[in-house]
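Text of the file structure-v7.cif, holding mmCIF, C-alpha atoms and all ligand atoms:
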data_data
#
loop_
_atom_site.label_atom_id
_atom_site.label_comp_id
_atom_site.auth_asym_id
_atom_site.auth_seq_id
_atom_site.Cartn_x
_atom_site.Cartn_y
_atom_site.Cartn_z
CA MET A 1 43.21 33.42 -49.92
CA LYS A 2 44.98 33.66 -53.26
CA ILE A 3 47.47 30.99 -54.34
CA LEU A 4 49.88 31.32 -57.26
CA ALA A 5 50.36 27.81 -58.66
CA PHE A 6 52.68 26.19 -61.21
CA GLU A 7 52.51 23.05 -63.33
CA THR A 8 55.54 21.77 -65.26
CA SER A 9 55.30 17.98 -64.92
CA CYS A 10 55.25 17.19 -68.64
CA ASP A 11 54.90 19.26 -71.81
CA GLU A 12 52.76 22.18 -70.63
CA THR A 13 54.15 25.14 -68.71
CA ALA A 14 51.28 26.61 -66.70
CA ALA A 15 50.68 29.23 -64.02
CA ALA A 16 47.45 30.30 -62.35
CA VAL A 17 46.05 32.34 -59.50
CA VAL A 18 43.20 30.64 -57.63
CA ALA A 19 41.24 32.22 -54.77
CA ASP A 20 40.05 30.03 -51.88
CA GLY A 21 40.64 26.88 -53.91
CA ARG A 22 37.62 27.50 -56.09
CA HIS A 23 37.73 30.80 -57.99
CA VAL A 24 40.13 30.80 -60.94
CA LEU A 25 41.34 34.40 -61.23
CA SER A 26 43.78 33.56 -64.03
CA SER A 27 45.10 30.45 -65.77
CA VAL A 28 47.76 30.55 -68.46
CA VAL A 29 49.02 27.46 -70.26
CA ARG A 30 51.86 27.39 -72.78
CA THR A 31 51.93 24.10 -74.60
CA GLN A 32 55.13 22.66 -76.08
CA ILE A 33 53.33 20.57 -78.69
CA ASP A 34 55.10 22.22 -81.64
CA LEU A 35 58.51 21.50 -80.11
CA HIS A 36 57.83 17.79 -79.57
CA ARG A 37 55.78 17.07 -82.72
CA LEU A 38 58.89 16.52 -84.80
CA TYR A 39 59.86 13.58 -82.52
CA GLY A 40 56.35 12.11 -82.22
CA GLY A 41 56.42 12.33 -78.41
CA VAL A 42 57.70 14.35 -75.47
CA VAL A 43 61.51 14.72 -75.36
CA PRO A 44 62.30 15.26 -71.64
CA GLU A 45 65.38 17.44 -72.19
CA ILE A 46 63.53 19.72 -74.59
CA ALA A 47 60.58 19.91 -72.19
CA SER A 48 62.81 21.04 -69.30
CA ARG A 49 64.48 23.72 -71.39
CA ALA A 50 61.14 25.06 -72.62
CA HIS A 51 59.84 25.23 -69.03
CA VAL A 52 62.92 27.26 -68.04
CA GLU A 53 62.30 29.68 -70.90
CA SER A 54 58.61 30.22 -70.13
CA ILE A 55 58.02 29.96 -66.41
CA SER A 56 59.01 33.49 -65.25
CA GLN A 57 57.00 35.09 -68.01
CA LEU A 58 53.94 32.94 -67.29
CA ALA A 59 54.15 33.76 -63.58
CA GLY A 60 54.03 37.46 -64.50
CA GLU A 61 51.12 36.90 -66.88
CA ALA A 62 49.13 34.93 -64.31
CA LEU A 63 49.60 37.66 -61.69
CA ALA A 64 48.78 40.46 -64.17
CA GLN A 65 45.63 38.74 -65.43
CA ALA A 66 44.47 38.13 -61.86
CA GLY A 67 45.14 41.80 -61.09
CA CYS A 68 47.37 41.03 -58.13
CA GLY A 69 50.98 41.14 -56.98
CA LEU A 70 53.07 38.92 -54.72
CA ALA A 71 51.88 40.88 -51.68
CA ASP A 72 48.30 39.71 -52.33
CA LEU A 73 49.22 36.02 -52.22
CA GLY A 74 48.77 33.61 -49.33
CA ALA A 75 50.90 30.75 -50.71
CA VAL A 76 52.74 29.29 -53.69
CA GLY A 77 51.65 25.87 -54.97
CA VAL A 78 53.55 23.62 -57.35
CA THR A 79 53.33 20.17 -58.89
CA ALA A 80 56.17 18.34 -57.14
CA TRP A 81 55.37 14.77 -58.26
CA PRO A 82 54.93 12.55 -60.28
CA GLY A 83 56.20 13.41 -63.78
CA LEU A 84 59.32 13.94 -65.86
CA ILE A 85 61.96 14.69 -63.26
CA GLY A 86 63.80 17.43 -65.15
CA ALA A 87 60.53 19.13 -66.02
CA LEU A 88 59.25 18.95 -62.42
CA LEU A 89 62.52 20.38 -61.09
CA VAL A 90 62.02 23.58 -63.08
CA GLY A 91 58.64 24.29 -61.48
CA VAL A 92 59.71 23.18 -58.00
CA ASN A 93 62.84 25.29 -58.00
CA PHE A 94 61.04 28.35 -59.35
CA ALA A 95 58.21 28.02 -56.80
CA LYS A 96 60.70 27.48 -53.99
CA SER A 97 62.66 30.63 -54.83
CA LEU A 98 59.49 32.66 -55.17
CA ALA A 99 58.08 31.41 -51.85
CA LEU A 100 61.38 32.12 -50.10
CA SER A 101 61.77 35.62 -51.51
CA ALA A 102 58.14 36.60 -50.86
CA GLY A 103 58.01 34.90 -47.44
CA LEU A 104 55.10 32.67 -48.48
CA PRO A 105 54.26 29.06 -47.55
CA LEU A 106 55.25 26.53 -50.21
CA VAL A 107 52.72 23.80 -51.02
CA PRO A 108 53.78 20.69 -53.00
CA VAL A 109 50.94 19.12 -54.99
CA HIS A 110 50.55 15.61 -56.42
CA HIS A 111 49.75 16.02 -60.12
CA LEU A 112 46.86 13.52 -60.05
CA ARG A 113 45.37 15.07 -56.93
CA GLY A 114 45.41 18.25 -59.02
CA HIS A 115 43.48 16.53 -61.82
CA ILE A 116 40.89 15.40 -59.25
CA ALA A 117 40.67 18.95 -57.86
CA ALA A 118 39.65 20.10 -61.36
CA CYS A 119 36.34 18.32 -60.64
CA ARG A 120 35.77 20.65 -57.67
CA LEU A 121 36.58 23.66 -59.86
CA ALA A 122 34.05 22.43 -62.43
CA ASP A 123 31.40 21.76 -59.82
CA PRO A 124 31.79 23.77 -56.60
CA ALA A 125 28.85 21.83 -55.10
CA LEU A 126 30.65 18.49 -55.56
CA ALA A 127 30.51 16.71 -52.21
CA HIS A 128 32.90 14.09 -50.85
CA PRO A 129 33.19 11.17 -50.88
CA PHE A 130 33.12 10.42 -54.61
CA LEU A 131 34.62 7.85 -56.96
CA CYS A 132 36.89 9.30 -59.60
CA LEU A 133 38.29 7.79 -62.79
CA VAL A 134 41.60 9.55 -63.45
CA VAL A 135 42.77 9.07 -67.05
CA SER A 136 45.80 10.89 -68.37
CA GLY A 137 48.75 10.34 -70.66
CA GLY A 138 50.79 8.76 -67.88
CA HIS A 139 48.20 7.37 -65.44
CA THR A 140 44.94 5.46 -65.30
CA SER A 141 43.42 4.97 -61.85
CA LEU A 142 40.14 4.54 -60.05
CA VAL A 143 40.31 6.64 -56.91
CA TRP A 144 38.06 6.89 -53.89
CA ALA A 145 38.18 10.56 -52.85
CA GLN A 146 37.24 10.48 -49.17
CA ASP A 147 37.90 14.19 -48.66
CA PRO A 148 40.06 16.74 -50.53
CA VAL A 149 43.30 15.34 -49.05
CA THR A 150 42.43 11.68 -48.35
CA PHE A 151 42.47 9.25 -51.27
CA ARG A 152 42.42 5.51 -51.76
CA THR A 153 43.36 4.04 -55.14
CA VAL A 154 41.01 1.10 -55.77
CA GLY A 155 42.12 0.23 -59.32
CA ARG A 156 45.10 1.03 -61.50
CA THR A 157 46.75 0.15 -64.76
CA ARG A 158 49.30 -2.64 -64.60
CA ASP A 159 51.17 -1.36 -67.65
CA ASP A 160 50.34 1.43 -70.12
CA ALA A 161 48.06 4.34 -69.33
CA ALA A 162 44.93 4.82 -71.45
CA GLY A 163 46.31 8.04 -72.97
CA GLU A 164 49.60 6.38 -73.87
CA CYS A 165 47.70 3.61 -75.63
CA LEU A 166 45.47 6.06 -77.56
CA ASP A 167 48.53 8.09 -78.58
CA LYS A 168 50.30 4.95 -79.84
CA VAL A 169 47.36 3.82 -81.99
CA ALA A 170 46.94 7.37 -83.31
CA ARG A 171 50.59 7.30 -84.38
CA LEU A 172 50.06 3.94 -86.12
CA LEU A 173 47.24 5.54 -88.10
CA GLY A 174 49.62 8.33 -89.12
CA LEU A 175 47.92 11.02 -87.03
CA PRO A 176 49.95 13.98 -85.75
CA TYR A 177 51.14 14.22 -82.14
CA PRO A 178 49.48 14.50 -79.68
CA GLY A 179 47.49 11.59 -81.00
CA GLY A 180 44.61 11.37 -78.53
CA VAL A 181 42.97 14.58 -79.70
CA ALA A 182 43.38 13.74 -83.40
CA LEU A 183 42.08 10.19 -82.80
CA ASP A 184 39.02 11.62 -81.05
CA ARG A 185 38.32 13.90 -84.02
CA LEU A 186 38.77 11.10 -86.57
CA ALA A 187 36.61 8.71 -84.51
CA GLN A 188 33.64 11.08 -84.85
CA ARG A 189 33.24 10.02 -88.50
CA GLY A 190 33.80 6.28 -87.98
CA ASP A 191 31.79 3.19 -87.08
CA PRO A 192 32.59 2.10 -83.48
CA ALA A 193 31.42 -1.45 -84.27
CA ALA A 194 33.63 -1.97 -87.35
CA PHE A 195 36.49 -3.68 -85.46
CA ARG A 196 36.59 -5.72 -82.28
CA PHE A 197 39.25 -5.61 -79.54
CA PRO A 198 39.72 -7.68 -76.37
CA ASP A 199 38.89 -6.24 -72.95
CA ALA A 200 41.82 -4.80 -70.98
CA GLU A 201 41.27 -7.42 -68.24
CA VAL A 202 43.63 -8.39 -65.40
CA ARG A 203 42.97 -11.83 -63.92
CA ASP A 204 42.04 -11.79 -60.19
CA ALA A 205 42.08 -7.97 -60.14
CA PRO A 206 38.76 -6.88 -61.68
CA LEU A 207 39.32 -3.18 -60.95
CA ASP A 208 42.77 -3.05 -62.56
CA PHE A 209 43.46 -2.23 -66.21
CA SER A 210 45.95 -3.59 -68.73
CA PHE A 211 46.13 -1.43 -71.82
CA SER A 212 49.28 -2.90 -73.33
CA GLY A 213 47.34 -6.01 -74.45
CA LEU A 214 44.72 -3.83 -76.09
CA LYS A 215 47.44 -1.79 -77.80
CA THR A 216 49.18 -4.94 -79.07
CA ALA A 217 45.86 -6.31 -80.34
CA ALA A 218 45.37 -3.09 -82.34
CA ILE A 219 48.90 -3.23 -83.77
CA ASN A 220 48.52 -6.90 -84.76
CA GLN A 221 45.11 -6.37 -86.31
CA LEU A 222 46.38 -3.46 -88.43
CA HIS A 223 49.42 -5.45 -89.58
CA GLN A 224 47.34 -8.52 -90.47
CA LEU A 225 44.87 -6.45 -92.51
CA GLU A 226 47.76 -4.75 -94.30
CA GLN A 227 49.42 -8.11 -95.06
CA ARG A 228 46.16 -9.40 -96.53
CA GLY A 229 45.98 -6.26 -98.64
CA GLN A 230 42.70 -5.27 -97.03
CA ALA A 231 42.00 -1.55 -96.90
CA VAL A 232 41.44 -0.16 -93.42
CA ASP A 233 39.16 2.83 -93.00
CA PRO A 234 41.13 4.89 -90.44
CA ALA A 235 37.96 6.54 -89.12
CA ASP A 236 36.34 3.14 -88.46
CA PHE A 237 39.52 1.86 -86.80
CA ALA A 238 39.81 4.99 -84.66
CA ALA A 239 36.14 4.87 -83.63
CA SER A 240 36.33 1.16 -82.76
CA PHE A 241 39.54 1.52 -80.77
CA VAL A 242 38.35 4.56 -78.80
CA GLU A 243 35.13 2.63 -78.15
CA ALA A 244 37.11 -0.33 -76.75
CA VAL A 245 39.15 1.95 -74.45
CA ALA A 246 36.06 3.85 -73.27
CA GLN A 247 34.21 0.60 -72.57
CA ALA A 248 37.17 -0.91 -70.70
CA LEU A 249 37.35 2.22 -68.52
CA CYS A 250 33.61 2.43 -67.87
CA ARG A 251 33.27 -1.28 -67.09
CA ARG A 252 35.79 -0.86 -64.23
CA LEU A 253 34.12 2.36 -63.15
CA GLU A 254 30.81 0.51 -62.87
CA LEU A 255 32.38 -2.36 -60.89
CA ALA A 256 34.15 0.06 -58.55
CA ALA A 257 30.94 2.07 -58.08
CA ALA A 258 29.14 -1.10 -56.95
CA GLU A 259 32.01 -2.20 -54.73
CA THR A 260 32.43 1.15 -52.98
CA GLY A 261 28.77 2.18 -52.95
CA ALA A 262 29.83 5.50 -54.47
CA PRO A 263 27.20 8.23 -54.18
CA VAL A 264 28.81 10.38 -56.91
CA LEU A 265 31.06 9.68 -59.93
CA ALA A 266 33.74 11.90 -61.47
CA LEU A 267 36.01 11.72 -64.48
CA CYS A 268 39.21 13.75 -64.97
CA GLY A 269 42.64 13.94 -66.64
CA GLY A 270 43.60 14.67 -70.25
CA VAL A 271 41.72 11.66 -71.68
CA ALA A 272 38.53 12.82 -69.92
CA ALA A 273 38.26 15.30 -72.81
CA ASN A 274 37.49 12.35 -75.09
CA THR A 275 34.02 12.51 -76.66
CA ALA A 276 33.23 8.78 -76.56
CA LEU A 277 34.49 8.39 -72.98
CA ARG A 278 32.40 11.34 -71.78
CA ARG A 279 29.34 9.87 -73.52
CA HIS A 280 29.87 6.38 -72.05
CA ALA A 281 30.51 7.73 -68.54
CA GLN A 282 27.36 9.86 -68.71
CA ALA A 283 25.30 6.90 -69.94
CA LEU A 284 26.67 4.78 -67.08
CA ALA A 285 25.91 7.46 -64.49
CA ASP A 286 22.37 7.84 -65.87
CA ARG A 287 21.85 4.08 -65.75
CA LEU A 288 23.09 3.92 -62.14
CA GLY A 289 21.11 7.03 -61.19
CA LEU A 290 24.29 8.75 -59.93
CA PRO A 291 25.49 12.30 -60.56
CA LEU A 292 28.63 12.61 -62.72
CA THR A 293 31.11 15.49 -62.69
CA VAL A 294 33.45 15.95 -65.65
CA PRO A 295 35.53 19.13 -65.97
CA PRO A 296 35.28 21.09 -69.23
CA PRO A 297 38.03 20.10 -71.72
CA ALA A 298 40.21 23.10 -70.74
CA LEU A 299 40.38 21.78 -67.17
CA CYS A 300 40.95 18.15 -68.26
CA GLY A 301 44.38 18.71 -69.82
CA ASP A 302 47.32 19.87 -67.72
CA ASN A 303 46.85 23.33 -66.21
CA ALA A 304 47.87 25.19 -63.06
CA ALA A 305 44.36 26.16 -61.92
CA MET A 306 43.80 22.59 -60.74
CA ILE A 307 47.14 22.70 -58.90
CA GLY A 308 46.09 25.95 -57.19
CA ALA A 309 42.78 24.37 -56.17
CA GLN A 310 44.50 21.33 -54.64
CA ALA A 311 47.23 23.46 -53.05
CA HIS A 312 44.53 25.28 -51.08
CA ALA A 313 43.21 21.99 -49.68
CA GLU A 314 46.73 20.76 -48.85
CA LEU A 315 47.60 24.06 -47.17
CA LEU A 316 44.47 23.86 -44.97
CA ALA A 317 45.59 20.35 -43.97
CA GLY A 318 49.03 21.70 -43.05
CA HIS A 319 50.82 19.97 -45.90
CA THR A 320 53.50 22.55 -46.62
CA ALA A 321 57.18 22.04 -47.49
CA GLY A 322 60.45 23.68 -46.55
CA SER A 323 63.12 24.97 -48.88
CA ASP A 324 64.59 21.44 -49.01
CA LEU A 325 61.61 20.30 -51.13
CA ASN A 326 62.67 17.95 -53.91
CA ALA A 327 60.74 16.74 -56.96
CA LEU A 328 59.97 13.03 -57.40
CA ALA A 329 59.38 11.20 -60.67
CA THR A 330 57.04 8.72 -58.98
CA ARG A 331 54.89 8.86 -55.86
CA SER A 332 51.53 7.33 -55.07
CA LEU A 333 48.40 9.45 -55.08
CA ASP A 334 47.33 8.02 -51.72
CA GLN A 335 50.60 9.15 -50.13
CA GLY A 336 50.02 12.77 -51.18
O1 LIG B 401 46.49 14.90 -68.25
P1 LIG B 401 47.25 15.15 -69.48
O2 LIG B 401 47.11 16.49 -70.16
O3 LIG B 401 48.78 14.91 -69.23
C1 LIG B 401 49.23 13.93 -68.37
O4 LIG B 401 49.14 14.12 -67.14
O5 LIG B 401 49.62 12.86 -68.92
O6 LIG B 401 46.87 13.99 -70.51
C2 LIG B 401 47.42 13.91 -71.77
C3 LIG B 401 46.79 12.75 -72.51
C4 LIG B 401 47.48 12.45 -73.84
O7 LIG B 401 47.65 11.06 -73.96
C5 LIG B 401 46.48 12.98 -74.86
O8 LIG B 401 46.57 12.33 -76.11
C6 LIG B 401 45.18 12.67 -74.16
O9 LIG B 401 45.42 13.04 -72.83
N1 LIG B 401 44.03 13.42 -74.70
C7 LIG B 401 42.99 12.83 -75.31
C8 LIG B 401 42.11 13.87 -75.70
N2 LIG B 401 42.66 15.05 -75.30
C9 LIG B 401 43.84 14.75 -74.69
N3 LIG B 401 42.72 11.53 -75.55
C10 LIG B 401 41.58 11.25 -76.18
N4 LIG B 401 40.69 12.19 -76.60
C11 LIG B 401 40.90 13.50 -76.38
N5 LIG B 401 40.03 14.41 -76.78
ZN ZN B 402 48.09 15.46 -66.31
#

Mind turning this structure into structure tokens?
Ligand code: KG4
Ligand code: ZN
Amino acid sequence: MKILAFETSCDETAAAVVADGRHVLSSVVRTQIDLHRLYGGVVPEIASRAHVESISQLAGEALAQAGCGLADLGAVGVTAWPGLIGALLVGVNFAKSLALSAGLPLVPVHHLRGHIAACRLADPALAHPFLCLVVSGGHTSLVWAQDPVTFRTVGRTRDDAAGECLDKVARLLGLPYPGGVALDRLAQRGDPAAFRFPDAEVRDAPLDFSFSGLKTAAINQLHQLEQRGQAVDPADFAASFVEAVAQALCRRLELAAAETGAPVLALCGGVAANTALRRHAQALADRLGLPLTVPPPALCGDNAAMIGAQAHAELLAGHTAGSDLNALATRSLDQG
């Protein structure tokens, strides 16, 4: 069964056609990076407007590239939560109208469940249950994936997401938006042991993260070095900071793996494209003797193929919506 899926939760407008939840027949992504760069971050109003401008065209492109029409589809999937509300509303309303006019079931998808589904796209043999570290610009969670529609969050960030924290430090170093990618590139030429940062620990909650403390430590350290007139090698600073974030993430992943007895590990979300994090997660998996699935970078960032994959699983579970579907800015992953 072919599903046409949409993703508009943040600053990427995306459409895709996915067959049987596993074969990506087409996946088109239009990023809004150039529009937001001027402001150093995503401007919600601008994001919504850009989604409105692009979504019909991208739907047509996704269908054309997949070589199919509306009559070949079995359902329409859409990211309905969580995300920027105005941005989500564009995708939800478009998907709703399309489903209604074509007489197709409408399947709302949780954005982070979509990121986790990217692991299944990357590795069709991936078996449940598995333990997944979900790291994006807005979320950082350790999730027990019992089956494709049953999840239990076992650890979460108490404040900033890892991506948010990387973007902030990138901005401090004068790197262009979106900072995470530029920071990754710069870190390749730096010494990861040049600077030290505290662990992102939360007392009495060993599986939770706190990245705001780590971010503040980086800001303070940069300011102190500047005040003392000491030159900071941006590549060394970038490499050390990325190292601290990757270690904080992998330390929790290791603890959660022991606690849950996970047979398989997975990593997903925009930050999963990070070179140091991928290396650390692979080293951890090798040390624990567990298989690790990480989607290729194109499936780590926001895309609609992952939404189509998850929509298939939700549809099989009967999780469809009526034409009164609304978008939600926040909603837990476990809730669906
Ligand atoms: O999943 P995603 O595309 O959007 C959200 O759902 O938030 O994640 C975006 C985040 C941004 O913070 C971006 O800077 C970060 O992922 N990111 C990276 C890399 N590529 C994207 N962070 C570190 N290294 C990368 N290579
Ligand atoms: Zn995302």

Please report the interatomic distance between CA of Arg251 (chain A) and CA of Thr153 (chain A) in Å with one decimal.
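Between these atoms lies a distance of 16.5 Å.
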
Choose the residue, out of A:Glu226, A:Glu201, A:Glu254, A:Asp191, that has the smallest atom-to-atom separation from Ala283 (chain A); count only C-alpha atoms.
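Checking each candidate against Ala283 (chain A), we get A:Glu254 as the closest.
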
Return as a JSON list (two decimals) with C-alpha atoms, keeping the file's coordinate frame the residues of protein, DNA or RNA that approach ligand ZN 402 (chain B) to within 8 Å, with all atoms listed in the file taken into account.
[["chain", "number", "residue", "atom", "x", "y", "z"],
["A", 9, "SER", "CA", 55.30, 17.98, -64.92],
["A", 10, "CYS", "CA", 55.25, 17.19, -68.64],
["A", 111, "HIS", "CA", 49.75, 16.02, -60.12],
["A", 112, "LEU", "CA", 46.86, 13.52, -60.05],
["A", 115, "HIS", "CA", 43.48, 16.53, -61.82],
["A", 136, "SER", "CA", 45.80, 10.89, -68.37],
["A", 137, "GLY", "CA", 48.75, 10.34, -70.66],
["A", 138, "GLY", "CA", 50.79, 8.76, -67.88],
["A", 269, "GLY", "CA", 42.64, 13.94, -66.64],
["A", 270, "GLY", "CA", 43.60, 14.67, -70.25],
["A", 300, "CYS", "CA", 40.95, 18.15, -68.26],
["A", 301, "GLY", "CA", 44.38, 18.71, -69.82],
["A", 302, "ASP", "CA", 47.32, 19.87, -67.72],
["A", 303, "ASN", "CA", 46.85, 23.33, -66.21]]

Counting all atoms listed in the file, write as a PDB file with C-alpha atoms, keeping the file's coordinate frame all protein and nucleic acid residues lying at most 12 Å from (41.8, 10.9, -45.1) in the file's frame.
ATOM      1  CA  HIS A 128      32.900  14.090 -50.850  1.00  0.00           C
ATOM      2  CA  PRO A 129      33.190  11.170 -50.880  1.00  0.00           C
ATOM      3  CA  TRP A 144      38.060   6.890 -53.890  1.00  0.00           C
ATOM      4  CA  ALA A 145      38.180  10.560 -52.850  1.00  0.00           C
ATOM      5  CA  GLN A 146      37.240  10.480 -49.170  1.00  0.00           C
ATOM      6  CA  ASP A 147      37.900  14.190 -48.660  1.00  0.00           C
ATOM      7  CA  PRO A 148      40.060  16.740 -50.530  1.00  0.00           C
ATOM      8  CA  VAL A 149      43.300  15.340 -49.050  1.00  0.00           C
ATOM      9  CA  THR A 150      42.430  11.680 -48.350  1.00  0.00           C
ATOM     10  CA  PHE A 151      42.470   9.250 -51.270  1.00  0.00           C
ATOM     11  CA  ARG A 152      42.420   5.510 -51.760  1.00  0.00           C
ATOM     12  CA  GLU A 314      46.730  20.760 -48.850  1.00  0.00           C
ATOM     13  CA  ALA A 317      45.590  20.350 -43.970  1.00  0.00           C
ATOM     14  CA  ASP A 334      47.330   8.020 -51.720  1.00  0.00           C
ATOM     15  CA  GLN A 335      50.600   9.150 -50.130  1.00  0.00           C
ATOM     16  CA  GLY A 336      50.020  12.770 -51.180  1.00  0.00           C
TER      17      GLY A 336
END

With the cut-off set at 9 Å and counting only C-alpha atoms and all ligand atoms, tabulate each residue of chain A with an atom at most that distance from an atom of ligand LIG 401 (chain B), showing the nearest atom pair and its distance in Å to one decimal, ordered by chain and increasing number, as a tab-separated table.
residue	atom	partner	partner_atom	distance
A:Ser9	CA	B:LIG401	O4	7.6
A:Cys10	CA	B:LIG401	C1	6.9
A:Asp11	CA	B:LIG401	O3	7.9
A:Glu12	CA	B:LIG401	O2	8.0
A:Gly83	CA	B:LIG401	O4	7.9
A:His111	CA	B:LIG401	O4	7.3
A:Leu112	CA	B:LIG401	O4	7.5
A:His115	CA	B:LIG401	O1	7.3
A:Val134	CA	B:LIG401	O1	8.7
A:Val135	CA	B:LIG401	O1	7.0
A:Ser136	CA	B:LIG401	O6	3.9
A:Gly137	CA	B:LIG401	O5	3.2
A:Gly138	CA	B:LIG401	O5	4.4
A:His139	CA	B:LIG401	O5	6.7
A:Ala161	CA	B:LIG401	O7	8.2
A:Ala162	CA	B:LIG401	O7	7.3
A:Gly163	CA	B:LIG401	O7	3.4
A:Glu164	CA	B:LIG401	O7	5.1
A:Cys165	CA	B:LIG401	O7	7.6
A:Leu166	CA	B:LIG401	N3	6.4
A:Asp167	CA	B:LIG401	O8	5.3
A:Lys168	CA	B:LIG401	O7	8.9
A:Ala170	CA	B:LIG401	O8	8.8
A:Tyr177	CA	B:LIG401	O8	7.8
A:Pro178	CA	B:LIG401	O8	5.1
A:Gly179	CA	B:LIG401	O8	5.0
A:Gly180	CA	B:LIG401	O8	3.3
A:Val181	CA	B:LIG401	C11	4.1
A:Ala182	CA	B:LIG401	C11	7.4
A:Leu183	CA	B:LIG401	N4	6.7
A:Asp184	CA	B:LIG401	N4	4.8
A:Arg185	CA	B:LIG401	N5	7.5
A:Val242	CA	B:LIG401	C10	7.9
A:Cys268	CA	B:LIG401	O1	8.1
A:Gly269	CA	B:LIG401	O1	4.3
A:Gly270	CA	B:LIG401	O6	3.4
A:Val271	CA	B:LIG401	N3	4.0
A:Ala272	CA	B:LIG401	C8	6.9
A:Ala273	CA	B:LIG401	N5	4.4
A:Asn274	CA	B:LIG401	N4	3.5
A:Thr275	CA	B:LIG401	N5	6.3
A:Ala276	CA	B:LIG401	N4	8.2
A:Leu277	CA	B:LIG401	N4	8.1
A:Pro297	CA	B:LIG401	N2	7.7
A:Cys300	CA	B:LIG401	O1	6.4
A:Gly301	CA	B:LIG401	O2	3.5
A:Asp302	CA	B:LIG401	O2	4.2
A:Asn303	CA	B:LIG401	O2	7.9

Excluding region 206-214 of chain A and residues on its chain fewer than 2 positions from it, collect all residues at most 8 Å away from it, counting all atoms listed in the file, and give them as a PyMOL selection string.
chain A and resi 140+142+154-162+165+197-204+216-218+248-249+252-253+255-256

Ala62 (chain A) environment, 7 Å, all atoms listed in the file, sequence neighbours closer than 3 positions dropped, as a list in words:
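Returned residues: Ala15, Ala16, Val17, Ser26, Ser27, Val28, Leu58, Ala59, Gln65 and Ala66 of chain A.
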
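Between His23 (chain A) and the candidates A:Ala305, A:Leu172, A:Ala266, A:Ala117, the tightest atom-to-atom separation, counting only C-alpha atoms, involves A:Ala305.
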
In Å, rounded to a single decimal, give me how far CA of Ala71 (chain A) is from CA of Val90 (chain A).
23.1 Å

CA of Pro176 (chain A) to CA of Ile116 (chain A): how many Å, to one decimal?
28.0 Å

Using all atoms listed in the file for the distances, tell me which of A:Val294, A:Leu222, A:Ala102, A:Leu63 is nearest to Leu126 (chain A).
A:Val294

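With all atoms listed in the file as the atoms that count, the residue of A:Val92, A:Ala309, A:Leu98, A:Leu284 with the shortest distance to Pro124 (chain A) is A:Ala309.
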
Could you tell me which of A:Ala281, A:Leu265, A:Leu131, A:Ala75 comes closest to Leu316 (chain A) if we count only C-alpha atoms?
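Nearest candidate to Leu316 (chain A) out of A:Ala281, A:Leu265, A:Leu131, A:Ala75: A:Ala75.
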
Find the residues near Ala5 (chain A): any atom within 6 Å, counting all atoms listed in the file, skip ones fewer than 5 places away on the same chain, and give them as a list in words.
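Final neighbour list, sorted by chain and number: Ala15, Ala16, Val76, Gly77, Val78, Ala304 and Gly308 of chain A.
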
With only C-alpha atoms as the atoms that count, which of A:Leu186, A:Ile3, A:Leu290, A:Val24 lies nearest to Leu121 (chain A)?
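Ranking A:Leu186, A:Ile3, A:Leu290, A:Val24 by distance to Leu121 (chain A), first place goes to A:Val24.
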